[in-house]
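What's in target22.txt: compact mmCIF, C-alpha atoms
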```txt
# COMPACT_ATOMS: atom_id res chain seq x y z
CA MET I 1 -17.56 -39.11 -15.85
CA ILE I 2 -16.45 -37.84 -12.44
CA ALA I 3 -18.51 -36.28 -9.65
CA MET I 4 -17.09 -33.70 -7.29
CA SER I 5 -19.50 -34.36 -4.43
CA THR I 6 -21.88 -37.03 -3.24
CA GLU I 7 -24.73 -34.66 -4.08
CA HIS I 8 -23.51 -34.44 -7.68
CA ARG I 9 -23.27 -38.22 -7.81
CA SER I 10 -26.86 -38.53 -6.56
CA VAL I 11 -28.11 -36.12 -9.22
CA LEU I 12 -26.34 -38.11 -11.94
CA ALA I 13 -27.97 -41.29 -10.67
CA GLU I 14 -31.46 -39.81 -10.34
CA ARG I 15 -31.60 -37.73 -13.51
CA PHE I 16 -29.45 -39.74 -15.89
CA ASN I 17 -29.45 -43.24 -14.36
CA LEU I 18 -25.66 -43.08 -14.10
CA ARG I 19 -24.54 -45.32 -11.25
CA ASP I 20 -21.11 -45.89 -9.76
CA VAL I 21 -19.76 -42.52 -10.87
CA PRO I 22 -16.51 -42.04 -8.95
CA LEU I 23 -15.83 -39.00 -6.87
CA PHE I 24 -12.95 -36.82 -8.03
CA THR I 25 -10.72 -38.06 -5.22
CA GLU I 26 -11.44 -41.69 -6.15
CA ALA I 27 -10.58 -40.98 -9.78
CA CYS I 28 -7.29 -39.57 -8.48
CA GLY I 29 -6.56 -42.85 -6.69
CA LEU I 30 -7.48 -41.73 -3.18
CA ALA I 31 -10.24 -42.67 -0.79
CA ALA I 32 -13.71 -41.34 -1.61
CA GLU I 33 -13.86 -37.79 -0.26
CA PRO I 34 -16.46 -35.36 -1.58
CA LEU I 35 -15.50 -31.82 -2.48
CA PRO I 36 -18.63 -30.16 -1.11
CA ASP I 37 -20.37 -27.14 -2.59
CA VAL I 38 -20.29 -23.83 -0.73
CA ASP I 39 -23.89 -24.14 0.48
CA GLU I 40 -23.07 -27.51 2.04
CA VAL I 41 -20.22 -26.07 4.11
CA VAL I 42 -20.98 -22.41 4.76
CA ARG I 43 -24.38 -22.17 6.39
CA ASP I 44 -24.55 -18.40 5.96
CA HIS I 45 -23.15 -18.47 2.42
CA LYS I 46 -25.55 -15.76 1.24
CA THR I 47 -24.23 -13.26 3.78
CA ASN I 48 -20.68 -14.41 4.48
CA PRO I 49 -18.50 -13.69 1.45
CA ILE I 50 -15.27 -14.19 3.42
CA ALA I 51 -16.16 -17.78 4.33
CA VAL I 52 -17.41 -18.43 0.80
CA GLY I 53 -14.16 -17.15 -0.69
CA ALA I 54 -12.09 -19.24 1.71
CA HIS I 55 -14.03 -22.40 0.85
CA VAL I 56 -13.82 -21.76 -2.89
CA ARG I 57 -10.04 -21.20 -2.67
CA MET I 58 -9.63 -24.37 -0.62
CA ILE I 59 -11.56 -26.45 -3.18
CA ILE I 60 -9.63 -24.92 -6.10
CA ASP I 61 -6.34 -25.63 -4.34
CA ARG I 62 -7.39 -29.25 -3.74
CA ILE I 63 -8.38 -29.71 -7.38
CA ILE I 64 -5.09 -28.19 -8.58
CA GLU I 65 -3.17 -30.39 -6.14
CA LEU I 66 -4.86 -33.60 -7.29
CA THR I 67 -5.19 -32.97 -11.04
CA PRO I 68 -1.70 -34.31 -11.87
CA ARG I 69 -2.63 -37.58 -10.13
CA LEU I 70 -5.80 -37.80 -12.22
CA ALA I 71 -3.88 -37.03 -15.41
CA ASN I 72 -1.34 -39.77 -14.66
CA ARG I 73 -4.06 -42.31 -13.93
CA LEU I 74 -5.90 -41.45 -17.14
CA ARG I 75 -2.66 -41.62 -19.12
CA LEU I 76 -1.85 -45.04 -17.65
CA GLN I 77 -5.39 -46.24 -18.28
CA GLY I 78 -5.08 -45.17 -21.91
CA ALA I 79 -1.77 -46.98 -22.24
CA LEU I 80 -3.31 -50.14 -20.81
CA THR I 81 -6.27 -50.06 -23.19
CA SER I 82 -4.23 -49.23 -26.28
```
Whole structure given in structure tokens:
Amino acid sequence: MIAMSTEHRSVLAERFNLRDVPLFTEACGLAAEPLPDVDEVVRDHKTNPIAVGAHVRMIIDRIIELTPRLANRLRLQGALTS
């Protein structure tokens, strides 16, 4: 299981008693860096579609950029446990 933000990680801990869930960036082999939700970054998210769109595109770009790192780490982990 992987959490995208610290808020997601808190929800997993509170609702499902799942502790030590890594953030997406950690699972990719980087330092822990949350990928925050729109409402955490864009204060006027209900009335500012331009800022919302920019944030969403930035997060999608980051996920696309890091996904190959995650895939490689998972592949290597599978090879080590096989």
Of the listed residues I:Gly29, I:Gly78, I:Pro22, I:Gly53, that which approaches Thr6 in chain I most closely, counting all atoms listed in the file: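 Using all atoms listed in the file, Thr6 in chain I sits closest to I:Pro22.
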Residue neighbourhood Asp20 in chain I, 10 Å, all atoms listed in the file, exclusion window fewer than 3 positions, as a list in words: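 Skipping anything fewer than 3 positions along the chain leaves Met1, Ile2, Ala3, Arg9, Ser10, Leu12, Ala13, Asn17 and Leu23 of chain I.
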Residue neighbourhood Leu66 in chain I, 12 Å, all atoms listed in the file, exclusion window fewer than 5 positions, as a list of chain:residue names: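 Close residues of Leu66 in chain I: I:Phe24, I:Thr25, I:Glu26, I:Ala27, I:Cys28, I:Gly29, I:Leu30, I:Leu35, I:Ile59, I:Ile60, I:Asp61, I:Ala71, I:Asn72, I:Arg73.
A straight line drawn from CA of Val41 in chain I to CA of Arg62 in chain I is 15.4 Å long.
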Computed interatomic separation between CA of Lys46 in chain I and CA of Ile64 in chain I (Å): 25.9 Å
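Selection around (-16.2, -23.6, -1.4) with radius 10 Å, counting only C-alpha atoms, yields the residues Leu35, Pro36, Asp37, Val38, Asp39, Glu40, Val41, Val42, His45, Ala51, Val52, Gly53, Ala54, His55, Val56, Arg57, Met58, Ile59 and Ile60 of chain I.
Taking CA of Thr67 in chain I and CA of Glu14 in chain I as the two end points, the separation is 27.2 Å.
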